[in-house]
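Visitor: Before anything else, here's the structure in question.
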Amino acid sequence: MIQERSEMIFGIRAVIEALEAGKDIDKILVKRDMQGELSKELFAALKGRLIPVQRVPAEKLNRITRKNHQGVVAFMAAVSYQRVEDIVPTLFEEGKTPLLVLLDGITDVRNFGAIARTCECAGVDAVIIPAKNSVSVNADAMKTSAGALHTLSVCREQSILSTIDYLKASGFHIVAATEKGDYAYTEARYADPVCIIMGAEDTGIPYEHLAQCDEWVKIPQYGHIGSLNVSVAAGILIYEAVRQRNLGQ
């Protein structure tokens, strides 16, 4: 099996070879009832990797390609994902006061692309996303970001709790945007190394993650609609961080 397009790989052996070669894979679709020795080999190769795997009906795979996919289709990542533990020390070594944005449970690629575009314009050092139940850097996100995702570092992490703990241990101040916020976003502190967390519009940031944050902030609203679009809300907080940092120069 070989790649039919640059974005996808078809076939069990081809996907295993891509994994072993260290290729950046965004997600893998596997036929729901797939069994056999090669299937076991595939899941052994996936063990310990931050790659989402979805069990799907064979019909879905057949709609994606007419070739002999053997029950497996892998989507190549549009960028190389990084790890927080790798980039944070580098940012400090470069003398930066890092500004990170963590997107916790956001699944709309258009919002993701718009947030990435704002982050790049504002000089955010990296965006963090979960490995599961989250957006990823696909072609639609790349397009919506207007090219920002070509230059912006994106970290994909298995555990958001562990990521927050690591950032706090590294000296980061964690600011969560939530309607449960204690005060307005302008009262938070962004001048130090900081990570801003934005949650999904419908469910927000999970409480177990909120409990690990240093500050809960909200954006005052005076109209009748329940909430702001998450990409707009992210832009407001990001540029408040920029404003505070510029005042300190």
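We name chains A, B, ... following the order of the structure tokens; residues begin at 1 in each chain, and ligands are numbered from 1 as shown.
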Can you list, as a VMD selection string, all residues belonging to region 60-177 of chain A that DSSP tags as alpha helix (DSSP H)?
Guide: chain A and resid 60 to 64 84 to 93 109 to 122 139 to 144 160 to 169
Visitor: Put those residues in a file: C-alpha atoms, as a PDB file, in the first residue's frame.
Guide:
```
ATOM      1  CA  LYS A  60     -17.015   5.151   5.974  1.00  0.00           C
ATOM      2  CA  LEU A  61     -13.604   3.922   4.857  1.00  0.00           C
ATOM      3  CA  ASN A  62     -15.039   2.915   1.491  1.00  0.00           C
ATOM      4  CA  ARG A  63     -16.362   6.438   1.017  1.00  0.00           C
ATOM      5  CA  ILE A  64     -12.890   7.844   1.645  1.00  0.00           C
ATOM      6  CA  VAL A  84       5.305  21.259  25.866  1.00  0.00           C
ATOM      7  CA  GLU A  85       8.224  19.715  27.764  1.00  0.00           C
ATOM      8  CA  ASP A  86      10.439  20.305  24.731  1.00  0.00           C
ATOM      9  CA  ILE A  87       9.556  23.895  23.885  1.00  0.00           C
ATOM     10  CA  VAL A  88       9.235  25.457  27.360  1.00  0.00           C
ATOM     11  CA  PRO A  89      12.917  25.082  28.320  1.00  0.00           C
ATOM     12  CA  THR A  90      13.916  26.486  24.927  1.00  0.00           C
ATOM     13  CA  LEU A  91      11.686  29.534  25.380  1.00  0.00           C
ATOM     14  CA  PHE A  92      13.274  30.287  28.763  1.00  0.00           C
ATOM     15  CA  GLU A  93      16.772  29.723  27.371  1.00  0.00           C
ATOM     16  CA  VAL A 109     -11.644  23.832  13.038  1.00  0.00           C
ATOM     17  CA  ARG A 110     -12.778  27.302  11.955  1.00  0.00           C
ATOM     18  CA  ASN A 111     -12.527  28.581  15.514  1.00  0.00           C
ATOM     19  CA  PHE A 112      -9.169  26.857  15.862  1.00  0.00           C
ATOM     20  CA  GLY A 113      -7.866  28.454  12.689  1.00  0.00           C
ATOM     21  CA  ALA A 114      -9.098  31.881  13.746  1.00  0.00           C
ATOM     22  CA  ILE A 115      -7.502  31.545  17.191  1.00  0.00           C
ATOM     23  CA  ALA A 116      -4.232  30.392  15.623  1.00  0.00           C
ATOM     24  CA  ARG A 117      -4.262  33.451  13.367  1.00  0.00           C
ATOM     25  CA  THR A 118      -4.727  35.750  16.370  1.00  0.00           C
ATOM     26  CA  CYS A 119      -1.998  33.911  18.286  1.00  0.00           C
ATOM     27  CA  GLU A 120       0.493  34.327  15.474  1.00  0.00           C
ATOM     28  CA  CYS A 121      -0.298  38.039  15.099  1.00  0.00           C
ATOM     29  CA  ALA A 122       0.017  38.587  18.863  1.00  0.00           C
ATOM     30  CA  ALA A 139      -6.223  21.328   5.790  1.00  0.00           C
ATOM     31  CA  ASP A 140      -9.335  23.260   6.870  1.00  0.00           C
ATOM     32  CA  ALA A 141      -7.601  24.606   9.964  1.00  0.00           C
ATOM     33  CA  MET A 142      -4.583  25.602   7.894  1.00  0.00           C
ATOM     34  CA  LYS A 143      -6.804  27.511   5.468  1.00  0.00           C
ATOM     35  CA  THR A 144      -8.785  29.285   8.195  1.00  0.00           C
ATOM     36  CA  ILE A 160      -4.217  18.319  30.068  1.00  0.00           C
ATOM     37  CA  LEU A 161      -3.990  17.889  33.840  1.00  0.00           C
ATOM     38  CA  SER A 162      -0.375  16.787  33.581  1.00  0.00           C
ATOM     39  CA  THR A 163       0.341  19.638  31.176  1.00  0.00           C
ATOM     40  CA  ILE A 164      -1.092  22.221  33.580  1.00  0.00           C
ATOM     41  CA  ASP A 165       0.899  20.705  36.450  1.00  0.00           C
ATOM     42  CA  TYR A 166       4.087  20.846  34.373  1.00  0.00           C
ATOM     43  CA  LEU A 167       3.515  24.469  33.402  1.00  0.00           C
ATOM     44  CA  LYS A 168       2.840  25.498  37.010  1.00  0.00           C
ATOM     45  CA  ALA A 169       5.983  23.700  38.149  1.00  0.00           C
TER      46      ALA A 169
END
```
Visitor: Find the residues of region 101-184 of chain A that sit at most 9 Å from region 32-50 of chain A; for each, write down the nearest two atoms and how far apart they are in Å, to one decimal. Count only C-alpha atoms. Sort by chain, then by number going up, and give it as JSON lines.
Guide:
```
{"residue": "A:Ala131", "atom": "CA", "partner": "A:Leu50", "partner_atom": "CA", "distance": 5.9}
{"residue": "A:Lys132", "atom": "CA", "partner": "A:Leu50", "partner_atom": "CA", "distance": 8.5}
{"residue": "A:Arg156", "atom": "CA", "partner": "A:Leu50", "partner_atom": "CA", "distance": 7.4}
{"residue": "A:Glu157", "atom": "CA", "partner": "A:Leu50", "partner_atom": "CA", "distance": 7.1}
{"residue": "A:Gln158", "atom": "CA", "partner": "A:Leu50", "partner_atom": "CA", "distance": 6.2}
```
Visitor: CA of Val154 (chain A) and CA of Ala126 (chain A), how far apart in Å?
Guide: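 It comes out at 5.7 Å.
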Visitor: Using only C-alpha atoms, which residue out of A:Gly181, A:Gly95, A:Pro130, A:Pro193 lies closest to Ala241 (chain A)?
Guide: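 Using only C-alpha atoms, the shortest distance to Ala241 (chain A) belongs to A:Pro193.
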Visitor: For each of A:Leu100, A:Ala77, A:Asn68, A:Phe10, take the minimum atom-to-atom distance to Gly123 (chain A), counting only C-alpha atoms, then give the residue where this is smallest.
Guide: A:Leu100
Visitor: Using Å and a single decimal, report how far CA of Val56 (chain A) sits from CA of Ala74 (chain A).
Guide: 12.6 Å
Visitor: Using only C-alpha atoms, which of the listed residues (A:Ala21, A:Ile28, A:Ile129, A:Ile51) sits closest to Glu7 (chain A)?
Guide: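 Answer, going by the shortest atom-to-atom distance: A:Ile28.
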Visitor: Quick one: distance from CA of Gln70 (chain A) to CA of Ala14 (chain A) in Å, one decimal?
Guide: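 Value for the CA of Gln70 (chain A)-CA of Ala14 (chain A) distance: 10.3 Å.
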Visitor: Can you pull out the residues contacting Gly226 (chain A)? Cut-off 12 Å, using only C-alpha atoms, and skip same-chain residues under 6 positions away; I want them as a list in words.
Guide: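 Skipping anything fewer than 6 positions along the chain leaves Glu179, Glu201, Asp202, Ile219 and Pro220 of chain A.
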Visitor: Export, as an mmCIF file, in the first residue's frame, the selected residues with N, CA and C atoms.
Guide:
```cif
data_model
loop_
_atom_site.group_PDB
_atom_site.id
_atom_site.type_symbol
_atom_site.label_atom_id
_atom_site.label_comp_id
_atom_site.auth_asym_id
_atom_site.auth_seq_id
_atom_site.Cartn_x
_atom_site.Cartn_y
_atom_site.Cartn_z
ATOM 1 N N GLU A 179 -17.251 31.403 32.328
ATOM 2 C CA GLU A 179 -18.380 32.207 32.810
ATOM 3 C C GLU A 179 -18.486 32.149 34.332
ATOM 4 N N GLU A 201 -17.298 26.131 23.646
ATOM 5 C CA GLU A 201 -18.386 27.084 23.864
ATOM 6 C C GLU A 201 -19.563 26.460 24.603
ATOM 7 N N ASP A 202 -19.816 25.183 24.378
ATOM 8 C CA ASP A 202 -20.995 24.556 24.986
ATOM 9 C C ASP A 202 -20.733 24.019 26.384
ATOM 10 N N ILE A 219 -15.381 37.565 30.691
ATOM 11 C CA ILE A 219 -15.516 38.758 29.865
ATOM 12 C C ILE A 219 -16.906 39.341 30.119
ATOM 13 N N PRO A 220 -16.994 40.573 30.608
ATOM 14 C CA PRO A 220 -18.313 41.169 30.875
ATOM 15 C C PRO A 220 -19.159 41.223 29.603
#
```
Visitor: Running DSSP on the backbone, which parts of region 71-111 of chain A land in strand (DSSP E or B), as a PDB file with C-alpha atoms, in the first residue's frame?
Guide:
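Heads up, here's the output in out_20.pdb:
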```
ATOM      1  CA  VAL A  72      -7.140   1.315   7.971  1.00  0.00           C
ATOM      2  CA  VAL A  73      -6.818   4.920   6.798  1.00  0.00           C
ATOM      3  CA  ALA A  74      -4.302   7.322   8.358  1.00  0.00           C
ATOM      4  CA  PHE A  75      -4.473  11.084   7.928  1.00  0.00           C
ATOM      5  CA  MET A  76      -1.128  12.830   7.832  1.00  0.00           C
ATOM      6  CA  GLN A  82       5.597  19.424  19.420  1.00  0.00           C
ATOM      7  CA  LEU A  99       2.752  33.303  26.429  1.00  0.00           C
ATOM      8  CA  LEU A 100       0.889  30.061  25.706  1.00  0.00           C
ATOM      9  CA  VAL A 101      -2.731  29.337  24.780  1.00  0.00           C
ATOM     10  CA  LEU A 102      -4.354  26.017  25.677  1.00  0.00           C
ATOM     11  CA  LEU A 103      -7.528  25.029  23.804  1.00  0.00           C
ATOM     12  CA  ASP A 104      -9.372  22.586  26.052  1.00  0.00           C
TER      13      ASP A 104
END
```
Visitor: I need the residue nearest Ser80 (chain A) from this list: A:Ala148, A:Ala211, A:Leu19, A:Cys155. Use only C-alpha atoms for the distance.
Guide: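 Under the stated criterion, the closest residue is A:Cys155.
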Visitor: If we count only C-alpha atoms, what is near Asp192 (chain A) at a cut-off of 9 Å, once residues fewer than 4 positions away on the same chain are taken out, given as a PyMOL selection string?
Guide: chain A and resi 97-99+171-173+245
Visitor: Write out the residues from the selection above, keeping C-alpha atoms, as a PDB file, in the first residue's frame.
Guide:
```pdb
ATOM      1  CA  THR A  97       8.560  35.442  28.983  1.00  0.00           C
ATOM      2  CA  PRO A  98       6.398  32.786  27.349  1.00  0.00           C
ATOM      3  CA  LEU A  99       2.752  33.303  26.429  1.00  0.00           C
ATOM      4  CA  GLY A 171       6.714  28.959  36.788  1.00  0.00           C
ATOM      5  CA  PHE A 172       3.690  29.627  34.582  1.00  0.00           C
ATOM      6  CA  HIS A 173       0.619  31.507  35.797  1.00  0.00           C
ATOM      7  CA  ARG A 245       3.236  43.238  28.660  1.00  0.00           C
TER       8      ARG A 245
END
```
Visitor: I'd like to know which of A:Ile25, A:Val232, A:Ala58, A:Cys195 is closest to Asn138 (chain A), using only C-alpha atoms.
Guide: A:Ile25
